[in-house]
>>> print(open('data.tsv').read())   # TSV, C-alpha atoms
chain	number	residue	atom	x	y	z
A	1	GLU	CA	-4.70	70.63	41.15
A	2	ALA	CA	-6.09	72.57	38.19
A	3	GLU	CA	-4.09	70.44	35.77
A	4	LEU	CA	-5.36	67.24	37.41
A	5	ALA	CA	-8.96	68.50	37.33
A	6	ALA	CA	-8.67	69.30	33.62
A	7	LEU	CA	-7.34	65.81	32.90
A	8	LYS	CA	-10.15	64.19	34.89
A	9	ASN	CA	-12.78	66.14	32.97
A	10	GLN	CA	-11.76	64.70	29.59
A	11	ILE	CA	-14.08	61.88	28.56
A	12	ASP	CA	-13.15	60.04	25.43
A	13	PRO	CA	-15.57	61.22	22.72
A	14	HIS	CA	-14.98	57.91	20.93
A	15	PHE	CA	-16.54	56.07	23.90
A	16	MET	CA	-19.55	58.38	23.81
A	17	PHE	CA	-19.92	58.02	20.03
A	18	ASN	CA	-19.75	54.20	20.19
A	19	SER	CA	-22.16	54.07	23.13
A	20	LEU	CA	-24.77	56.14	21.33
A	21	ASN	CA	-24.37	54.12	18.10
A	22	THR	CA	-24.72	50.88	20.04
A	23	LEU	CA	-27.79	52.19	21.84
A	24	THR	CA	-29.37	53.27	18.53
A	25	HIS	CA	-28.75	49.81	17.05
A	26	LEU	CA	-30.18	48.06	20.13
A	27	ILE	CA	-33.29	50.26	20.16
A	28	GLN	CA	-34.00	49.15	16.59
A	29	THR	CA	-33.21	45.46	17.14
A	30	ASP	CA	-33.67	44.49	20.80
A	31	GLY	CA	-35.63	46.74	23.16
A	32	THR	CA	-34.76	44.67	26.25
A	33	LYS	CA	-31.02	44.90	25.55
A	34	ALA	CA	-31.42	48.62	24.78
A	35	LEU	CA	-32.96	49.17	28.20
A	36	GLN	CA	-30.23	47.14	29.90
A	37	PHE	CA	-27.56	49.05	27.94
A	38	THR	CA	-29.07	52.39	28.99
A	39	GLU	CA	-29.13	51.33	32.65
A	40	ASN	CA	-25.51	50.13	32.49
A	41	LEU	CA	-24.42	53.31	30.71
A	42	ALA	CA	-26.08	55.36	33.46
A	43	GLU	CA	-24.13	53.33	36.08
A	44	VAL	CA	-20.87	53.98	34.23
A	45	TYR	CA	-21.49	57.73	34.15
A	46	ARG	CA	-22.69	57.74	37.76
A	47	TYR	CA	-19.31	56.29	38.80
A	48	ILE	CA	-17.39	58.75	36.61
A	49	LEU	CA	-19.28	61.67	38.15
A	50	SER	CA	-19.07	60.36	41.72
A	51	GLN	CA	-15.30	59.87	41.49
A	52	LYS	CA	-14.64	63.19	39.76
A	53	ASP	CA	-13.23	64.78	42.92
A	54	GLN	CA	-11.30	61.70	44.09
A	55	THR	CA	-7.57	61.42	43.51
A	56	LEU	CA	-7.38	57.73	44.40
A	57	VAL	CA	-9.97	54.98	44.83
A	58	LEU	CA	-9.82	51.46	46.18
A	59	LEU	CA	-8.82	49.07	43.39
A	60	ASP	CA	-11.85	46.92	44.31
A	61	ASP	CA	-14.18	49.88	43.59
A	62	GLU	CA	-12.41	50.56	40.31
A	63	LEU	CA	-12.75	46.90	39.30
A	64	ASP	CA	-16.48	46.92	40.21
A	65	PHE	CA	-16.90	49.95	37.95
A	66	THR	CA	-14.94	48.18	35.23
A	67	ARG	CA	-17.33	45.21	35.47
A	68	LYS	CA	-20.23	47.61	34.77
A	69	TYR	CA	-18.32	48.97	31.81
A	70	THR	CA	-17.57	45.45	30.52
A	71	ASP	CA	-21.29	44.68	30.80
A	72	LEU	CA	-21.77	47.45	28.22
A	73	LEU	CA	-19.06	45.92	26.07
A	74	HIS	CA	-20.65	42.48	26.30
A	75	LEU	CA	-24.00	43.90	25.18
A	76	ARG	CA	-22.15	45.43	22.24
A	77	PHE	CA	-19.80	42.54	21.33
A	78	GLY	CA	-21.44	39.48	22.91
A	79	ASN	CA	-19.11	36.54	23.46
A	80	SER	CA	-16.51	38.10	21.17
A	81	LEU	CA	-14.92	39.84	24.15
A	82	ILE	CA	-13.36	37.69	26.85
A	83	ILE	CA	-12.12	39.27	30.09
A	84	ARG	CA	-9.85	37.14	32.26
A	85	LYS	CA	-8.99	38.19	35.81
A	86	GLN	CA	-5.69	36.57	36.79
A	87	PHE	CA	-5.44	37.43	40.51
A	88	ASN	CA	-7.22	36.49	43.72
A	89	GLY	CA	-10.31	38.34	44.89
A	90	THR	CA	-8.80	39.99	47.97
A	91	ALA	CA	-5.94	41.82	46.23
A	92	GLY	CA	-8.32	44.60	45.15
A	93	ARG	CA	-8.65	45.74	48.77
A	94	ASP	CA	-4.90	46.12	49.19
A	95	PHE	CA	-4.31	48.88	46.63
A	96	LEU	CA	-5.44	52.33	45.50
A	97	ILE	CA	-5.50	53.61	41.92
A	98	PRO	CA	-6.62	56.83	40.17
A	99	PRO	CA	-10.32	56.51	39.20
A	100	THR	CA	-11.30	55.38	35.68
A	101	SER	CA	-7.77	54.10	34.99
A	102	VAL	CA	-8.81	50.57	34.09
A	103	PHE	CA	-11.69	51.94	32.01
A	104	VAL	CA	-9.19	53.93	29.91
A	105	ALA	CA	-7.02	50.84	29.35
A	106	PHE	CA	-10.07	48.77	28.31
A	107	GLU	CA	-11.46	51.53	26.09
A	108	ASN	CA	-8.07	51.83	24.39
A	109	ALA	CA	-8.13	48.09	23.58
A	110	VAL	CA	-11.67	48.27	22.17
A	111	LYS	CA	-10.98	51.45	20.21
A	112	HIS	CA	-7.93	50.14	18.33
A	113	ASN	CA	-8.79	46.48	17.67
A	114	GLU	CA	-11.20	44.38	15.64
A	115	ILE	CA	-13.58	42.37	17.81
A	116	SER	CA	-15.66	39.64	16.19
A	117	GLU	CA	-16.93	36.14	16.82
A	118	LYS	CA	-14.39	34.89	14.29
A	119	GLU	CA	-11.54	36.67	16.09
A	120	PRO	CA	-12.51	37.38	19.70
A	121	MET	CA	-10.54	39.79	21.84
A	122	TYR	CA	-8.98	38.65	25.07
A	123	ILE	CA	-8.25	41.16	27.82
A	124	ASP	CA	-6.27	39.89	30.80
A	125	VAL	CA	-6.07	41.76	34.11
A	126	ASP	CA	-3.40	40.85	36.66
A	127	ILE	CA	-1.51	42.30	39.62
A	128	ARG	CA	2.26	41.84	39.63
A	129	HIS	CA	5.04	43.69	41.44
A	130	GLY	CA	2.74	46.48	42.67
A	131	GLN	CA	1.23	47.11	39.25
A	132	LEU	CA	-2.09	46.39	37.61
A	133	ILE	CA	-1.35	44.80	34.24
A	134	VAL	CA	-4.00	45.07	31.52
A	135	SER	CA	-3.07	43.24	28.33
A	136	ASN	CA	-5.04	42.56	25.20
A	137	SER	CA	-4.63	40.56	22.04
A	138	ILE	CA	-3.82	42.73	19.03
A	139	LYS	CA	-6.05	42.65	15.97
A	140	VAL	CA	-5.62	46.15	14.56
A	141	LYS	CA	-8.74	47.61	12.94
A	142	LYS	CA	-8.57	47.61	9.17
A	143	ASN	CA	-10.28	50.97	8.70
A	144	ARG	CA	-8.68	52.82	11.55
A	145	SER	CA	-9.62	56.41	12.02
A	146	HIS	CA	-6.92	58.80	13.14
A	147	SER	CA	-6.22	58.56	16.84
A	148	SER	CA	-5.03	61.44	18.97
A	149	ASN	CA	-3.86	58.95	21.63
A	150	ILE	CA	-5.44	61.26	24.19
A	151	GLY	CA	-6.69	58.41	26.41
A	152	LEU	CA	-3.31	56.91	27.29
A	153	LYS	CA	-1.59	60.32	27.21
A	154	ASN	CA	-4.17	61.64	29.70
A	155	LEU	CA	-3.76	58.54	31.87
A	156	LYS	CA	0.03	58.90	31.83
A	157	GLU	CA	-0.21	62.55	32.93
A	158	ARG	CA	-2.73	61.74	35.70
A	159	PHE	CA	-0.51	58.98	37.11
A	160	LYS	CA	2.54	61.27	37.03
A	161	ILE	CA	0.67	63.97	38.96
A	162	VAL	CA	-1.08	61.65	41.45
A	163	THR	CA	1.50	58.91	42.05
A	164	GLY	CA	4.72	60.43	40.75
A	165	GLU	CA	5.15	57.29	38.63
A	166	ASP	CA	4.79	56.58	34.94
A	167	ILE	CA	2.51	54.07	33.34
A	168	VAL	CA	3.99	51.77	30.73
A	169	ALA	CA	2.13	51.09	27.48
A	170	ARG	CA	3.88	48.83	24.98
A	171	ILE	CA	3.64	45.84	22.70
A	172	LEU	CA	5.06	42.71	24.32
A	173	ASP	CA	4.76	39.13	23.05
A	174	GLU	CA	2.13	40.09	20.46
A	175	LYS	CA	-0.05	41.77	23.09
A	176	PHE	CA	-0.65	45.39	23.96
A	177	VAL	CA	0.23	45.79	27.63
A	178	VAL	CA	-0.62	48.70	29.95
A	179	GLN	CA	1.08	48.66	33.36
A	180	LEU	CA	-0.52	50.89	36.00
A	181	PRO	CA	1.37	51.55	39.26
A	182	LEU	CA	-0.69	50.76	42.36
A	183	ILE	CA	-0.52	52.50	45.72
A	184	PRO	CA	-0.57	50.09	48.71
A	185	VAL	CA	-3.43	50.91	51.12
A	186	SER	CA	-1.02	50.80	54.06
A	187	ASN	CA	0.79	53.97	52.83
>>> encode(input="data.tsv", output="structure tokens")
Amino acid sequence: EAELAALKNQIDPHFMFNSLNTLTHLIQTDGTKALQFTENLAEVYRYILSQKDQTLVLLDDELDFTRKYTDLLHLRFGNSLIIRKQFNGTAGRDFLIPPTSVFVAFENAVKHNEISEKEPMYIDVDIRHGQLIVSNSIKVKKNRSHSSNIGLKNLKERFKIVTGEDIVARILDEKFVVQLPLIPVSN
């Protein structure tokens, strides 16, 4: 339990750094967007704090949270980021998942790839064979800073502790794919 709590308490500093830089830029250029960004950021942190003591959450709740997070990303990247949900709307009520899992997969995609109007990023989300599949196009950042890979490593450790299963993170067909095991609600 202590190990799981420690893993849950790690928030990617890169996410925080980018959020504050984006907010600073928006304050200087578009006050209305800056206000909207601040409200969305507060919603993201509200969810993170409210789920801090939860081991599993309904996939629907996790996807609602992820929509709030993608609202932040859209304020930051505009139409350069395209999210495509590939499954029906009711599947989210059939599964449980550790909280902030999808957020980590999305943040990993944004952290490691170029996103621009010229080369938009596509993130696809699907459910197949009892797993949530998050895949993104790969456009590796030219000036990449060193990555500790703590986000996916943390996610892998949380899934092992909570579900007893491993996540899979790999390059497949020119996409980066993260496969997250889901727990059926009926268990």
>>> residues_near_point(input="data.tsv", point="(-7.1, 35.6, 29.2)", cutoff="8 Å", atoms="only C-alpha atoms", output="list in words")
Ile82, Ile83, Arg84, Lys85, Gln86, Tyr122, Ile123, Asp124 and Val125 of chain A
>>> closest_atom_pairs(input="data.tsv", of="region 131-167 of chain A", to="region 180-187 of chain A", cutoff="9 Å", atoms="all atoms listed in the file", output="JSON lines")
{"residue": "A:Gln131", "atom": "CA", "partner": "A:Pro181", "partner_atom": "CA", "distance": 4.4}
{"residue": "A:Leu132", "atom": "CA", "partner": "A:Leu180", "partner_atom": "CA", "distance": 5.0}
{"residue": "A:Ile133", "atom": "CA", "partner": "A:Leu180", "partner_atom": "CA", "distance": 6.4}
{"residue": "A:Val134", "atom": "CA", "partner": "A:Leu180", "partner_atom": "CA", "distance": 8.1}
{"residue": "A:Phe159", "atom": "CA", "partner": "A:Pro181", "partner_atom": "CA", "distance": 8.0}
{"residue": "A:Thr163", "atom": "CA", "partner": "A:Ile183", "partner_atom": "CA", "distance": 7.7}
{"residue": "A:Glu165", "atom": "CA", "partner": "A:Pro181", "partner_atom": "CA", "distance": 6.9}
{"residue": "A:Asp166", "atom": "CA", "partner": "A:Pro181", "partner_atom": "CA", "distance": 7.5}
{"residue": "A:Ile167", "atom": "CA", "partner": "A:Leu180", "partner_atom": "CA", "distance": 5.1}
>>> residues_around(input="data.tsv", residues="region 104-121 of chain A", least_positions_apart="4", cutoff="6 Å", atoms="only C-alpha atoms", output="list in words")
Ser80, Leu81, Ser137, Lys139, Val140 and Lys141 of chain A
>>> write_last_selection(input="data.tsv", atoms="C-alpha atoms", output="tab-separated table (two decimals), in the frame of the given file")
chain	number	residue	atom	x	y	z
A	80	SER	CA	-16.51	38.10	21.17
A	81	LEU	CA	-14.92	39.84	24.15
A	137	SER	CA	-4.63	40.56	22.04
A	139	LYS	CA	-6.05	42.65	15.97
A	140	VAL	CA	-5.62	46.15	14.56
A	141	LYS	CA	-8.74	47.61	12.94
>>> residues_around(input="data.tsv", residues="region 21-37 of chain A", least_positions_apart="5", cutoff="7 Å", atoms="all atoms listed in the file", output="MDAnalysis selection string")
chainID A and resid 72 75:76
>>> atom_distance(input="data.tsv", atom1="CA of Glu39 (chain A)", atom2="CA of Val57 (chain A)")
23.0 Å
>>> axis_aligned_box(input="data.tsv", around="region 179-183 of chain A", padding_each_side="5 Å", output="AutoDock Vina command-line options")
--center_x 0.3 --center_y 50.6 --center_z 39.5 --size_x 12.1 --size_y 13.8 --size_z 22.4
>>> closest_residue(input="data.tsv", among="A:Phe17, A:Phe87, A:Phe103, A:Phe95", to="Val44 (chain A)", atoms="only C-alpha atoms")
A:Phe103
>>> atom_distance(input="data.tsv", atom1="CA of Ala42 (chain A)", atom2="CA of Asp126 (chain A)")
27.1 Å
>>> atom_distance(input="data.tsv", atom1="CA of Ser19 (chain A)", atom2="CA of Ser50 (chain A)")
19.9 Å
>>> closest_residue(input="data.tsv", among="A:Asn40, A:Asn136, A:Lys52, A:Asn18", to="Asp71 (chain A)", atoms="all atoms listed in the file")
A:Asn40
>>> residues_near_point(input="data.tsv", point="(-17.3, 47.6, 37.7)", cutoff="12 Å", atoms="only C-alpha atoms", output="VMD selection string")
chain A and resid 40 to 41 43 to 48 58 to 73 99 to 103 106
>>> closest_residue(input="data.tsv", among="A:Leu20, A:Gln54, A:Ser135, A:Val178", to="Gly151 (chain A)", atoms="only C-alpha atoms")
A:Val178
>>> closest_residue(input="data.tsv", among="A:Lys175, A:Lys153, A:Arg170, A:Lys160", to="Ile138 (chain A)", atoms="all atoms listed in the file")
A:Lys175
>>> decode(input="data.tsv", residues="region 56-68 of chain A", atoms="all heavy atoms", output="mmCIF file, in the first residue's frame")
data_model
loop_
_atom_site.group_PDB
_atom_site.id
_atom_site.type_symbol
_atom_site.label_atom_id
_atom_site.label_comp_id
_atom_site.auth_asym_id
_atom_site.auth_seq_id
_atom_site.Cartn_x
_atom_site.Cartn_y
_atom_site.Cartn_z
ATOM 1 N N LEU A 56 -9.004 1.797 -8.123
ATOM 2 C CA LEU A 56 -9.607 1.641 -9.442
ATOM 3 C C LEU A 56 -10.769 2.619 -9.582
ATOM 4 O O LEU A 56 -11.428 2.930 -8.595
ATOM 5 C CB LEU A 56 -10.133 0.209 -9.636
ATOM 6 C CG LEU A 56 -9.098 -0.908 -9.686
ATOM 7 C CD1 LEU A 56 -9.779 -2.269 -9.565
ATOM 8 C CD2 LEU A 56 -8.276 -0.837 -10.969
ATOM 9 N N VAL A 57 -11.003 3.069 -10.809
ATOM 10 C CA VAL A 57 -12.138 3.939 -11.105
ATOM 11 C C VAL A 57 -12.840 3.388 -12.338
ATOM 12 O O VAL A 57 -12.257 2.639 -13.124
ATOM 13 C CB VAL A 57 -11.712 5.405 -11.353
ATOM 14 C CG1 VAL A 57 -11.108 6.015 -10.098
ATOM 15 C CG2 VAL A 57 -10.760 5.524 -12.530
ATOM 16 N N LEU A 58 -14.077 3.782 -12.505
ATOM 17 C CA LEU A 58 -14.830 3.400 -13.687
ATOM 18 C C LEU A 58 -14.151 4.017 -14.917
ATOM 19 O O LEU A 58 -13.766 5.191 -14.898
ATOM 20 C CB LEU A 58 -16.265 3.910 -13.548
ATOM 21 C CG LEU A 58 -17.323 3.303 -14.439
ATOM 22 C CD1 LEU A 58 -17.439 1.790 -14.218
ATOM 23 C CD2 LEU A 58 -18.676 3.946 -14.148
ATOM 24 N N LEU A 59 -13.989 3.224 -15.963
ATOM 25 C CA LEU A 59 -13.345 3.727 -17.174
ATOM 26 C C LEU A 59 -14.053 4.971 -17.696
ATOM 27 O O LEU A 59 -13.404 5.915 -18.152
ATOM 28 C CB LEU A 59 -13.305 2.634 -18.257
ATOM 29 C CG LEU A 59 -12.672 3.033 -19.588
ATOM 30 C CD1 LEU A 59 -11.235 3.507 -19.411
ATOM 31 C CD2 LEU A 59 -12.738 1.867 -20.570
ATOM 32 N N ASP A 60 -15.372 5.021 -17.595
ATOM 33 C CA ASP A 60 -16.135 6.205 -18.012
ATOM 34 C C ASP A 60 -15.658 7.463 -17.285
ATOM 35 O O ASP A 60 -15.492 8.518 -17.894
ATOM 36 C CB ASP A 60 -17.627 5.995 -17.713
ATOM 37 C CG ASP A 60 -18.477 6.053 -18.961
ATOM 38 O OD1 ASP A 60 -17.932 6.184 -20.068
ATOM 39 O OD2 ASP A 60 -19.707 5.971 -18.806
ATOM 40 N N ASP A 61 -15.442 7.351 -15.957
ATOM 41 C CA ASP A 61 -14.961 8.497 -15.178
ATOM 42 C C ASP A 61 -13.558 8.905 -15.619
ATOM 43 O O ASP A 61 -13.245 10.100 -15.726
ATOM 44 C CB ASP A 61 -14.962 8.185 -13.682
ATOM 45 C CG ASP A 61 -16.365 8.001 -13.129
ATOM 46 O OD1 ASP A 61 -17.334 8.465 -13.768
ATOM 47 O OD2 ASP A 61 -16.496 7.374 -12.049
ATOM 48 N N GLU A 62 -12.726 7.918 -15.873
ATOM 49 C CA GLU A 62 -11.364 8.196 -16.329
ATOM 50 C C GLU A 62 -11.386 8.887 -17.701
ATOM 51 O O GLU A 62 -10.632 9.823 -17.943
ATOM 52 C CB GLU A 62 -10.568 6.886 -16.408
ATOM 53 C CG GLU A 62 -9.155 7.034 -16.899
ATOM 54 C CD GLU A 62 -8.205 7.723 -15.935
ATOM 55 O OE1 GLU A 62 -8.581 8.056 -14.791
ATOM 56 O OE2 GLU A 62 -7.054 7.963 -16.342
ATOM 57 N N LEU A 63 -12.273 8.449 -18.569
ATOM 58 C CA LEU A 63 -12.373 9.067 -19.897
ATOM 59 C C LEU A 63 -12.950 10.479 -19.820
ATOM 60 O O LEU A 63 -12.536 11.362 -20.578
ATOM 61 C CB LEU A 63 -13.188 8.180 -20.837
ATOM 62 C CG LEU A 63 -12.532 6.842 -21.181
ATOM 63 C CD1 LEU A 63 -13.482 5.971 -21.975
ATOM 64 C CD2 LEU A 63 -11.210 7.039 -21.909
ATOM 65 N N ASP A 64 -13.886 10.729 -18.879
ATOM 66 C CA ASP A 64 -14.390 12.095 -18.660
ATOM 67 C C ASP A 64 -13.258 13.010 -18.213
ATOM 68 O O ASP A 64 -13.119 14.137 -18.688
ATOM 69 C CB ASP A 64 -15.512 12.110 -17.615
ATOM 70 C CG ASP A 64 -16.835 11.628 -18.169
ATOM 71 O OD1 ASP A 64 -16.994 11.588 -19.404
ATOM 72 O OD2 ASP A 64 -17.715 11.289 -17.353
ATOM 73 N N PHE A 65 -12.443 12.515 -17.281
ATOM 74 C CA PHE A 65 -11.276 13.275 -16.832
ATOM 75 C C PHE A 65 -10.332 13.542 -18.003
ATOM 76 O O PHE A 65 -9.829 14.661 -18.176
ATOM 77 C CB PHE A 65 -10.545 12.517 -15.719
ATOM 78 C CG PHE A 65 -9.110 12.934 -15.547
ATOM 79 C CD1 PHE A 65 -8.779 14.195 -15.091
ATOM 80 C CD2 PHE A 65 -8.081 12.051 -15.851
ATOM 81 C CE1 PHE A 65 -7.452 14.581 -14.937
ATOM 82 C CE2 PHE A 65 -6.764 12.431 -15.706
ATOM 83 C CZ PHE A 65 -6.452 13.690 -15.255
ATOM 84 N N THR A 66 -10.116 12.526 -18.817
ATOM 85 C CA THR A 66 -9.213 12.672 -19.958
ATOM 86 C C THR A 66 -9.729 13.727 -20.936
ATOM 87 O O THR A 66 -8.947 14.479 -21.517
ATOM 88 C CB THR A 66 -9.014 11.316 -20.666
ATOM 89 O OG1 THR A 66 -8.529 10.372 -19.701
ATOM 90 C CG2 THR A 66 -8.017 11.420 -21.795
ATOM 91 N N ARG A 67 -11.047 13.822 -21.078
ATOM 92 C CA ARG A 67 -11.625 14.872 -21.936
ATOM 93 C C ARG A 67 -11.279 16.262 -21.384
ATOM 94 O O ARG A 67 -10.981 17.186 -22.144
ATOM 95 C CB ARG A 67 -13.138 14.704 -22.070
ATOM 96 C CG ARG A 67 -13.533 13.735 -23.173
ATOM 97 C CD ARG A 67 -15.030 13.717 -23.411
ATOM 98 N NE ARG A 67 -15.781 12.976 -22.409
ATOM 99 C CZ ARG A 67 -15.857 11.650 -22.354
ATOM 100 N NH1 ARG A 67 -15.215 10.907 -23.218
ATOM 101 N NH2 ARG A 67 -16.576 11.065 -21.418
ATOM 102 N N LYS A 68 -11.308 16.419 -20.065
ATOM 103 C CA LYS A 68 -10.927 17.707 -19.463
ATOM 104 C C LYS A 68 -9.454 18.003 -19.732
ATOM 105 O O LYS A 68 -9.075 19.136 -20.025
ATOM 106 C CB LYS A 68 -11.225 17.708 -17.975
ATOM 107 C CG LYS A 68 -12.714 17.715 -17.693
ATOM 108 C CD LYS A 68 -13.017 17.600 -16.228
ATOM 109 C CE LYS A 68 -14.520 17.581 -16.048
ATOM 110 N NZ LYS A 68 -14.979 16.757 -14.991
#
